[in-house]
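Pasted below: final-v4.txt, compact mmCIF, C-alpha atoms.
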# COMPACT_ATOMS: atom_id res chain seq x y z
CA MET A 1 -4.23 -27.11 -23.84
CA SER A 2 -5.20 -30.53 -22.49
CA GLU A 3 -8.55 -31.31 -20.95
CA ARG A 4 -6.81 -31.99 -17.63
CA LEU A 5 -5.18 -28.55 -17.59
CA MET A 6 -8.43 -26.83 -18.48
CA HIS A 7 -10.14 -28.63 -15.61
CA ILE A 8 -7.35 -27.62 -13.20
CA LEU A 9 -7.57 -23.96 -14.23
CA ALA A 10 -11.36 -23.89 -13.99
CA ASP A 11 -11.30 -25.61 -10.60
CA SER A 12 -8.50 -23.43 -9.21
CA PHE A 13 -9.89 -20.05 -10.29
CA MET A 14 -12.25 -19.66 -7.34
CA LYS A 15 -9.74 -21.28 -4.99
CA ILE A 16 -7.35 -18.45 -5.88
CA LEU A 17 -9.92 -15.65 -6.13
CA VAL A 18 -11.55 -16.32 -2.74
CA PRO A 19 -8.30 -15.83 -0.77
CA GLY A 20 -7.87 -12.68 -2.84
CA LEU A 21 -11.22 -11.36 -1.66
CA GLN A 22 -10.81 -12.59 1.91
CA MET A 23 -7.11 -11.86 2.48
CA THR A 24 -5.45 -9.82 -0.29
CA ILE A 25 -8.05 -7.04 -0.43
CA PRO A 26 -8.44 -6.61 3.37
CA LEU A 27 -4.65 -6.70 3.73
CA THR A 28 -4.32 -4.00 1.08
CA VAL A 29 -7.09 -1.78 2.45
CA LEU A 30 -5.93 -1.93 6.08
CA SER A 31 -2.27 -1.47 5.21
CA PHE A 32 -2.97 1.50 2.96
CA ALA A 33 -5.28 3.15 5.48
CA PHE A 34 -2.63 2.94 8.22
CA ALA A 35 0.05 3.97 5.72
CA LEU A 36 -1.86 7.17 4.91
CA VAL A 37 -2.10 8.04 8.60
CA ILE A 38 1.63 7.46 9.03
CA ALA A 39 2.42 9.39 5.86
CA VAL A 40 0.36 12.44 6.83
CA VAL A 41 1.87 12.60 10.34
CA VAL A 42 5.44 12.16 9.09
CA ALA A 43 4.94 14.64 6.25
CA MET A 44 3.42 17.27 8.54
CA ILE A 45 6.28 16.87 11.02
CA GLN A 46 8.77 17.54 8.23
CA PHE A 47 6.69 20.37 6.76
CA ALA A 48 6.44 22.08 10.15
CA ASN A 49 10.16 21.49 10.74
CA VAL A 50 9.55 20.14 14.26
CA PRO A 51 12.92 19.79 16.07
CA VAL A 52 14.05 16.21 16.91
CA LEU A 53 10.86 14.71 15.46
CA LYS A 54 11.94 15.79 11.98
CA GLN A 55 15.24 13.95 12.42
CA ILE A 56 13.39 10.84 13.66
CA ALA A 57 11.07 11.04 10.64
CA ARG A 58 14.01 11.29 8.24
CA ILE A 59 15.72 8.29 9.88
CA TYR A 60 12.49 6.27 9.59
CA ILE A 61 12.16 7.11 5.89
CA TRP A 62 15.86 6.42 5.30
CA ILE A 63 15.72 2.95 6.88
CA ILE A 64 12.44 1.85 5.30
CA ARG A 65 13.27 3.06 1.80
CA GLY A 66 16.79 1.67 2.02
CA THR A 67 15.90 -1.92 2.94
CA PRO A 68 13.93 -4.56 0.97
CA LEU A 69 10.29 -5.11 1.85
CA LEU A 70 10.84 -8.86 2.09
CA VAL A 71 13.62 -8.34 4.65
CA GLN A 72 11.32 -6.10 6.69
CA LEU A 73 8.66 -8.83 6.70
CA PHE A 74 11.20 -11.39 7.90
CA VAL A 75 12.53 -9.10 10.63
CA VAL A 76 9.05 -8.54 12.06
CA PHE A 77 7.67 -12.06 11.68
CA PHE A 78 10.74 -14.27 12.17
CA GLY A 79 13.09 -11.89 13.99
CA LEU A 80 10.97 -10.28 16.70
CA PRO A 81 10.09 -13.65 18.33
CA ASN A 82 13.75 -13.77 19.41
CA LEU A 83 12.91 -10.76 21.56
CA GLY A 84 9.75 -12.39 22.86
CA VAL A 85 7.43 -10.48 20.49
CA LEU A 86 5.11 -12.88 18.68
CA ILE A 87 2.86 -11.45 15.95
CA GLU A 88 0.38 -13.42 13.86
CA PRO A 89 0.98 -13.44 10.08
CA PHE A 90 -1.85 -11.09 9.09
CA PRO A 91 -1.13 -8.35 11.67
CA ALA A 92 2.59 -8.66 10.95
CA ALA A 93 1.95 -8.15 7.24
CA VAL A 94 -0.31 -5.14 7.91
CA ILE A 95 2.32 -3.53 10.16
CA VAL A 96 5.15 -4.01 7.66
CA PHE A 97 3.17 -2.96 4.59
CA ALA A 98 1.82 0.09 6.43
CA LEU A 99 5.28 1.18 7.59
CA ASN A 100 6.81 0.54 4.18
CA THR A 101 4.11 2.28 2.13
CA GLY A 102 3.86 5.06 4.71
CA ALA A 103 7.53 5.97 4.24
CA TYR A 104 7.13 6.38 0.49
CA ASP A 105 3.78 8.16 0.75
CA ALA A 106 5.19 10.53 3.38
CA GLU A 107 7.61 11.89 0.80
CA THR A 108 4.79 12.22 -1.73
CA ILE A 109 2.63 14.17 0.71
CA ARG A 110 5.56 16.28 1.92
CA ALA A 111 6.29 17.32 -1.66
CA ALA A 112 2.59 18.06 -2.20
CA LEU A 113 2.48 20.19 0.96
CA GLU A 114 5.48 22.17 -0.16
CA SER A 115 3.83 22.78 -3.55
CA VAL A 116 1.03 24.76 -1.87
CA PRO A 117 1.85 28.49 -2.03
CA LYS A 118 3.14 29.88 1.29
CA GLY A 119 0.58 32.65 1.04
CA GLN A 120 -2.16 30.13 1.83
CA LEU A 121 -0.69 29.60 5.30
CA GLU A 122 -0.29 33.31 5.88
CA ALA A 123 -3.85 34.00 4.71
CA GLY A 124 -5.16 31.48 7.22
CA TYR A 125 -3.34 33.21 10.07
CA CYS A 126 -4.77 36.56 8.92
CA VAL A 127 -8.35 35.35 9.41
CA GLY A 128 -7.58 34.00 12.89
CA MET A 129 -7.21 30.28 12.14
CA SER A 130 -4.83 28.10 14.14
CA TYR A 131 -2.02 26.14 12.48
CA LEU A 132 -3.93 22.84 12.67
CA GLN A 133 -7.10 24.47 11.27
CA ILE A 134 -5.13 25.89 8.37
CA MET A 135 -3.53 22.51 7.66
CA TRP A 136 -6.83 20.61 7.88
CA HIS A 137 -9.08 23.02 5.98
CA ILE A 138 -6.71 24.70 3.52
CA ILE A 139 -3.31 23.06 3.01
CA LEU A 140 -4.05 19.32 3.21
CA PRO A 141 -7.03 19.34 0.79
CA GLN A 142 -4.88 21.04 -1.85
CA ALA A 143 -1.94 18.74 -1.12
CA PHE A 144 -4.05 15.59 -1.40
CA ARG A 145 -5.42 16.77 -4.75
CA THR A 146 -1.86 17.13 -6.01
CA ALA A 147 -0.72 13.83 -4.48
CA PHE A 148 -3.76 11.80 -5.60
CA PRO A 149 -2.23 10.23 -8.76
CA THR A 150 0.97 9.19 -6.97
CA LEU A 151 -0.92 7.86 -3.94
CA SER A 152 -3.17 5.89 -6.28
CA ASN A 153 -0.12 4.34 -7.92
CA SER A 154 1.15 3.47 -4.45
CA LEU A 155 -2.11 1.63 -3.72
CA ILE A 156 -1.87 -0.33 -6.97
CA ALA A 157 1.72 -1.28 -6.17
CA LEU A 158 0.64 -2.39 -2.70
CA VAL A 159 -1.90 -4.83 -4.17
CA LYS A 160 0.95 -6.60 -5.95
CA ASP A 161 3.33 -6.37 -3.00
CA THR A 162 0.87 -8.28 -0.80
CA SER A 163 2.00 -11.43 -2.64
CA LEU A 164 5.15 -11.24 -0.48
CA ALA A 165 2.99 -12.02 2.56
CA ALA A 166 3.01 -15.64 1.37
CA ASN A 167 6.57 -15.79 2.71
CA ILE A 168 5.29 -15.33 6.28
CA THR A 169 2.48 -17.90 5.86
CA CYS A 170 -0.38 -15.49 5.03
CA VAL A 171 -2.82 -17.53 2.96
CA GLU A 172 -3.44 -14.92 0.27
CA MET A 173 -3.75 -15.45 -3.48
CA PHE A 174 -0.14 -16.29 -4.18
CA MET A 175 0.17 -18.85 -1.39
CA ALA A 176 -3.13 -20.43 -2.46
CA THR A 177 -1.65 -20.75 -5.96
CA GLN A 178 1.58 -22.24 -4.65
CA ARG A 179 -0.38 -24.93 -2.82
CA ILE A 180 -2.28 -25.85 -5.98
CA VAL A 181 0.97 -25.92 -7.98
CA ALA A 182 2.53 -28.26 -5.41
CA ARG A 183 -0.38 -30.63 -5.92
CA THR A 184 -0.82 -30.43 -9.71
CA TYR A 185 2.69 -29.53 -10.99
CA GLU A 186 1.16 -27.08 -13.48
CA ALA A 187 3.30 -24.11 -12.50
CA LEU A 188 3.21 -22.05 -15.71
CA ALA A 189 -0.55 -22.11 -16.22
CA LEU A 190 -1.43 -21.51 -12.57
CA TYR A 191 1.04 -18.67 -12.09
CA LEU A 192 -0.32 -17.06 -15.24
CA GLU A 193 -3.80 -17.49 -13.80
CA VAL A 194 -2.96 -15.74 -10.54
CA ALA A 195 -1.16 -13.03 -12.52
CA PHE A 196 -4.40 -12.50 -14.46
CA ILE A 197 -6.36 -12.11 -11.21
CA TYR A 198 -3.85 -9.56 -9.90
CA LEU A 199 -4.19 -7.79 -13.24
CA MET A 200 -7.97 -7.66 -12.83
CA PHE A 201 -7.66 -6.12 -9.35
CA CYS A 202 -5.14 -3.54 -10.53
CA THR A 203 -7.17 -2.72 -13.63
CA ILE A 204 -10.22 -1.94 -11.49
CA LEU A 205 -8.09 0.33 -9.31
CA THR A 206 -6.68 2.02 -12.43
CA TRP A 207 -10.25 2.74 -13.61
CA LEU A 208 -11.10 4.16 -10.18
CA GLN A 209 -7.93 6.25 -10.27
CA ALA A 210 -8.89 7.70 -13.66
CA TYR A 211 -12.41 8.43 -12.38
CA GLY A 212 -11.02 10.13 -9.27
CA GLU A 213 -8.63 12.25 -11.31
CA LYS A 214 -11.50 13.29 -13.58
CA LYS A 215 -13.71 14.26 -10.63
CA LEU A 216 -10.86 16.24 -9.05
CA ASN A 217 -10.01 17.88 -12.37
CA ILE A 218 -6.35 17.23 -11.61
CA TYR A 219 -5.06 17.90 -15.10
CA ASP A 220 -7.29 20.90 -15.87
As structure tokens, the full file:
Amino acid sequence: MSERLMHILADSFMKILVPGLQMTIPLTVLSFAFALVIAVVVAMIQFANVPVLKQIARIYIWIIRGTPLLVQLFVVFFGLPNLGVLIEPFPAAVIVFALNTGAYDAETIRAALESVPKGQLEAGYCVGMSYLQIMWHIILPQAFRTAFPTLSNSLIALVKDTSLAANITCVEMFMATQRIVARTYEALALYLEVAFIYLMFCTILTWLQAYGEKKLNIYD
């Protein structure tokens, strides 16, 4: 490794990490938070077998899971302006990532809801609880405990997927790296460097996932 390359890597590390802290992490957190809201609503609609809404939920999941995430980003950011809808890069990325992750997480939560014994719902009615009270206090806590590992994996995957936001001009870690590569022509080393930073982020989340699973006693 030449002295020049070492200097480039040392100089670029913070230039890549800072956009990660300022853009990648907020983008991940906001997208995942909205995705969870979407997932819970869609899963509960399917679990309750609500007429019409259940069909709409299934169509939403079918479309999102059947089309590439990159295409969805392009439709929202580059396509909607043709209809007069202009969305800034960051909000556009949050919307797309939330809708995309929400579709996958909705199926995870739906399966977790269905894994809760039916007797739990009946027991809630017997003590005078409403349907929403039963879902909030009895069914959902058990379902989230079951779904926690899969939802955690979804969050880790989302961290890596945020790199696609560079395609709609979000200045996150990957775009910051691309700009440095365009200036220095050291593609291999710099892309390995940004891969290492993504690995650090995902490793921290993996440790938190393991800690959460231990606290919830998921595998006991």
For this session: Please write as a ChimeraX atom specification the list of polymer residues whose atoms come within 10 Å of (4.9, 2.9, -4.1), counting all atoms listed in the file and keeping to the coordinates of the file.
Result: /A:100-105,108,150-158,161
Exercise. Pick from A:Leu199, A:Val194, A:Ala35, A:Val41: nearest to Val18 in chain A, with only C-alpha atoms counted?
Worked result: A:Val194
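Interatomic distance, CA of Leu27 in chain A against CA of Ala10 in chain A: 25.6 Å.
Nearest to Gln209 in chain A of all the residues A:Asn49, A:Met175, A:Phe148, A:Leu132 is A:Phe148, based on all atoms listed in the file.
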Problem set entry | Local residues around (10.9, 11.6, 7.2), at most 9 Å away, using only C-alpha atoms, as a PyMOL selection string | chain A and resi 39+42-43+45-46+53-62+103+106-107+110
For this session: List the neighbours of Gln142 in chain A out to 12 Å using all atoms listed in the file; skip same-chain residues closer than 5 positions along the sequence, and give me the result as a list of chain:residue names.
Result: A:Ile109, A:Ala111, A:Ala112, A:Leu113, A:Glu114, A:Ser115, A:Val116, A:Pro117, A:Gln120, A:Leu121, A:Ile134, A:Met135, A:Trp136, A:His137, A:Ala147, A:Phe148, A:Leu216, A:Ile218
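The space between CA of Gln72 in chain A and CA of Val96 in chain A spans 6.6 Å.
We find CA of Val171 in chain A and CA of Phe201 in chain A to be spaced 17.5 Å apart.
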Seminar exercise, completed: One residue among A:Lys15, A:Arg65, A:Lys214, A:Lys118 is nearest to Thr177 in chain A when using all atoms listed in the file, and that residue is A:Lys15
Reconstruct N, CA, C and O atoms of range 90-102 of chain A; output as a JSON list (two decimals), keeping the file's coordinate frame.
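part12.json, written as the output of this step:
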[["chain", "number", "residue", "atom", "x", "y", "z"],
["A", 90, "PHE", "N", -1.09, -12.19, 9.67],
["A", 90, "PHE", "CA", -1.85, -11.09, 9.09],
["A", 90, "PHE", "C", -1.50, -9.74, 9.72],
["A", 90, "PHE", "O", -1.18, -8.78, 9.00],
["A", 91, "PRO", "N", -1.53, -9.62, 11.07],
["A", 91, "PRO", "CA", -1.13, -8.35, 11.67],
["A", 91, "PRO", "C", 0.31, -7.96, 11.34],
["A", 91, "PRO", "O", 0.60, -6.77, 11.14],
["A", 92, "ALA", "N", 1.20, -8.96, 11.28],
["A", 92, "ALA", "CA", 2.59, -8.66, 10.95],
["A", 92, "ALA", "C", 2.69, -8.07, 9.55],
["A", 92, "ALA", "O", 3.43, -7.10, 9.31],
["A", 93, "ALA", "N", 1.94, -8.65, 8.62],
["A", 93, "ALA", "CA", 1.95, -8.15, 7.24],
["A", 93, "ALA", "C", 1.38, -6.73, 7.18],
["A", 93, "ALA", "O", 1.93, -5.86, 6.49],
["A", 94, "VAL", "N", 0.30, -6.48, 7.90],
["A", 94, "VAL", "CA", -0.31, -5.14, 7.91],
["A", 94, "VAL", "C", 0.68, -4.12, 8.45],
["A", 94, "VAL", "O", 0.86, -3.03, 7.88],
["A", 95, "ILE", "N", 1.35, -4.46, 9.55],
["A", 95, "ILE", "CA", 2.32, -3.53, 10.16],
["A", 95, "ILE", "C", 3.45, -3.20, 9.18],
["A", 95, "ILE", "O", 3.79, -2.03, 8.97],
["A", 96, "VAL", "N", 4.01, -4.23, 8.56],
["A", 96, "VAL", "CA", 5.15, -4.01, 7.66],
["A", 96, "VAL", "C", 4.73, -3.25, 6.42],
["A", 96, "VAL", "O", 5.40, -2.28, 6.00],
["A", 97, "PHE", "N", 3.62, -3.66, 5.80],
["A", 97, "PHE", "CA", 3.17, -2.96, 4.59],
["A", 97, "PHE", "C", 2.81, -1.51, 4.89],
["A", 97, "PHE", "O", 3.06, -0.62, 4.08],
["A", 98, "ALA", "N", 2.19, -1.27, 6.06],
["A", 98, "ALA", "CA", 1.82, 0.09, 6.43],
["A", 98, "ALA", "C", 3.06, 0.95, 6.64],
["A", 98, "ALA", "O", 3.13, 2.10, 6.16],
["A", 99, "LEU", "N", 4.05, 0.42, 7.35],
["A", 99, "LEU", "CA", 5.28, 1.18, 7.59],
["A", 99, "LEU", "C", 6.04, 1.43, 6.29],
["A", 99, "LEU", "O", 6.58, 2.52, 6.07],
["A", 100, "ASN", "N", 6.08, 0.42, 5.43],
["A", 100, "ASN", "CA", 6.81, 0.54, 4.18],
["A", 100, "ASN", "C", 6.13, 1.55, 3.24],
["A", 100, "ASN", "O", 6.77, 2.48, 2.75],
["A", 101, "THR", "N", 4.84, 1.37, 3.02],
["A", 101, "THR", "CA", 4.11, 2.28, 2.13],
["A", 101, "THR", "C", 4.06, 3.68, 2.72],
["A", 101, "THR", "O", 4.14, 4.68, 2.00],
["A", 102, "GLY", "N", 3.92, 3.76, 4.05],
["A", 102, "GLY", "CA", 3.86, 5.06, 4.71],
["A", 102, "GLY", "C", 5.11, 5.89, 4.49],
["A", 102, "GLY", "O", 5.04, 7.11, 4.35]]
